[in-house]
Amino acid sequence: VSVDNQAVQRHRATVVECVKDADVSIRRRALELVYGLVNEGNIQYLTRELLDYLAVSDSEFKPDLTAKICTLIQRFAPDKRWHVDNLVQLMTQAGAHVKDEVCRALIVMITNATELHGYAVRTLYRNLHAYQDVAHRSLLITALWCIGEFGEMLLPGAGGALL
């Protein structure tokens, strides 16, 4: 990727398809290529592909894949709402593998972006409610902290329907 990024970018769809290959060694190399391909212009598409793959990936891939997706979201997020949405989706899907540092960074980002308080607390509340029986620690920590801080925004007339 570092030698001729444009050549690899042209074959991005093929590389993404290789992530789903039956051969473990091909999947590993394809994932490494995908991580190297991500930039501001394709983060949304590739994150969606990686999250789709995470849902069906082998358990041995999940910890590393989750960590890499977290890093990519934090590094290339096009805006803060997208950042929140995708980290919450990741916490819902593979929360057992989301590190505490990621939760803390998300909480700090939400805290520092006052325009995000209502949106974030409603999003986290909805996900916590929908997945309450299977919610992992990362979703619980982040959602409960935000509900504790911004719970008044969940009241009727404070920004929209909860569920």
# chains A, B, ... in the order shown; residues from 1 in each chain; ligands from 1
call {"tool": "residues_around", "arguments": {"residues": "Thr47 (chain A)", "least_positions_apart": "4", "cutoff": "7 Å", "atoms": "only C-alpha atoms", "output": "list in words"}}
result
Ile43, Leu51 and Ile69 of chain A
call {"tool": "write_last_selection", "arguments": {"atoms": "C-alpha atoms", "output": "compact mmCIF listing (two decimals), in the first residue's frame"}}
result
# COMPACT_ATOMS: atom_id res chain seq x y z
CA ILE A 43 -13.86 5.45 5.83
CA LEU A 51 -18.59 -4.15 10.64
CA ILE A 69 -12.08 -0.68 13.64
call {"tool": "residues_around", "arguments": {"residues": "region 100-107 of chain A", "least_positions_apart": "4", "cutoff": "7 Å", "atoms": "only C-alpha atoms", "output": "list in words"}}
result
Thr111, Ser138 and Thr142 of chain A
call {"tool": "write_last_selection", "arguments": {"atoms": "N, CA and C atoms", "output": "mmCIF file, in the first residue's frame"}}
result
data_model
loop_
_atom_site.group_PDB
_atom_site.id
_atom_site.type_symbol
_atom_site.label_atom_id
_atom_site.label_comp_id
_atom_site.auth_asym_id
_atom_site.auth_seq_id
_atom_site.Cartn_x
_atom_site.Cartn_y
_atom_site.Cartn_z
ATOM 1 N N THR A 111 -18.677 14.677 25.944
ATOM 2 C CA THR A 111 -18.681 15.729 26.965
ATOM 3 C C THR A 111 -18.245 17.072 26.387
ATOM 4 N N SER A 138 -18.621 -2.399 27.725
ATOM 5 C CA SER A 138 -18.303 -1.135 27.059
ATOM 6 C C SER A 138 -19.565 -0.301 26.803
ATOM 7 N N THR A 142 -20.439 3.269 28.922
ATOM 8 C CA THR A 142 -20.630 4.505 28.159
ATOM 9 C C THR A 142 -22.066 5.006 28.275
#
call {"tool": "closest_residue", "arguments": {"among": "A:Lys62, A:Arg28, A:Lys20, A:Arg12", "to": "Leu46 (chain A)", "atoms": "only C-alpha atoms"}}
result
A:Arg12
call {"tool": "residues_around", "arguments": {"residues": "Thr92 (chain A)", "least_positions_apart": "2", "cutoff": "9 Å", "atoms": "only C-alpha atoms", "output": "mmCIF file with C-alpha atoms, in the first residue's frame"}}
result
data_model
loop_
_atom_site.group_PDB
_atom_site.id
_atom_site.type_symbol
_atom_site.label_atom_id
_atom_site.label_comp_id
_atom_site.auth_asym_id
_atom_site.auth_seq_id
_atom_site.Cartn_x
_atom_site.Cartn_y
_atom_site.Cartn_z
ATOM 1 C CA LEU A 87 -18.634 3.140 18.010
ATOM 2 C CA VAL A 88 -22.042 2.397 19.540
ATOM 3 C CA GLN A 89 -22.680 -0.143 16.781
ATOM 4 C CA LEU A 90 -19.279 -1.679 17.475
ATOM 5 C CA ALA A 94 -18.451 -6.792 19.755
ATOM 6 C CA GLY A 95 -18.533 -4.913 23.041
ATOM 7 C CA ASN A 127 -29.107 0.739 22.199
ATOM 8 C CA LEU A 128 -28.941 -0.095 25.882
ATOM 9 C CA TYR A 131 -29.733 -4.931 23.886
ATOM 10 C CA VAL A 134 -26.777 -8.969 26.042
ATOM 11 C CA ALA A 135 -25.112 -5.563 26.512
ATOM 12 C CA HIS A 136 -21.381 -5.767 27.096
ATOM 13 C CA SER A 138 -18.303 -1.135 27.059
ATOM 14 C CA LEU A 139 -21.886 -0.232 26.112
#
call {"tool": "atom_distance", "arguments": {"atom1": "CA of His117 (chain A)", "atom2": "CA of Phe150 (chain A)"}}
result
6.6 Å
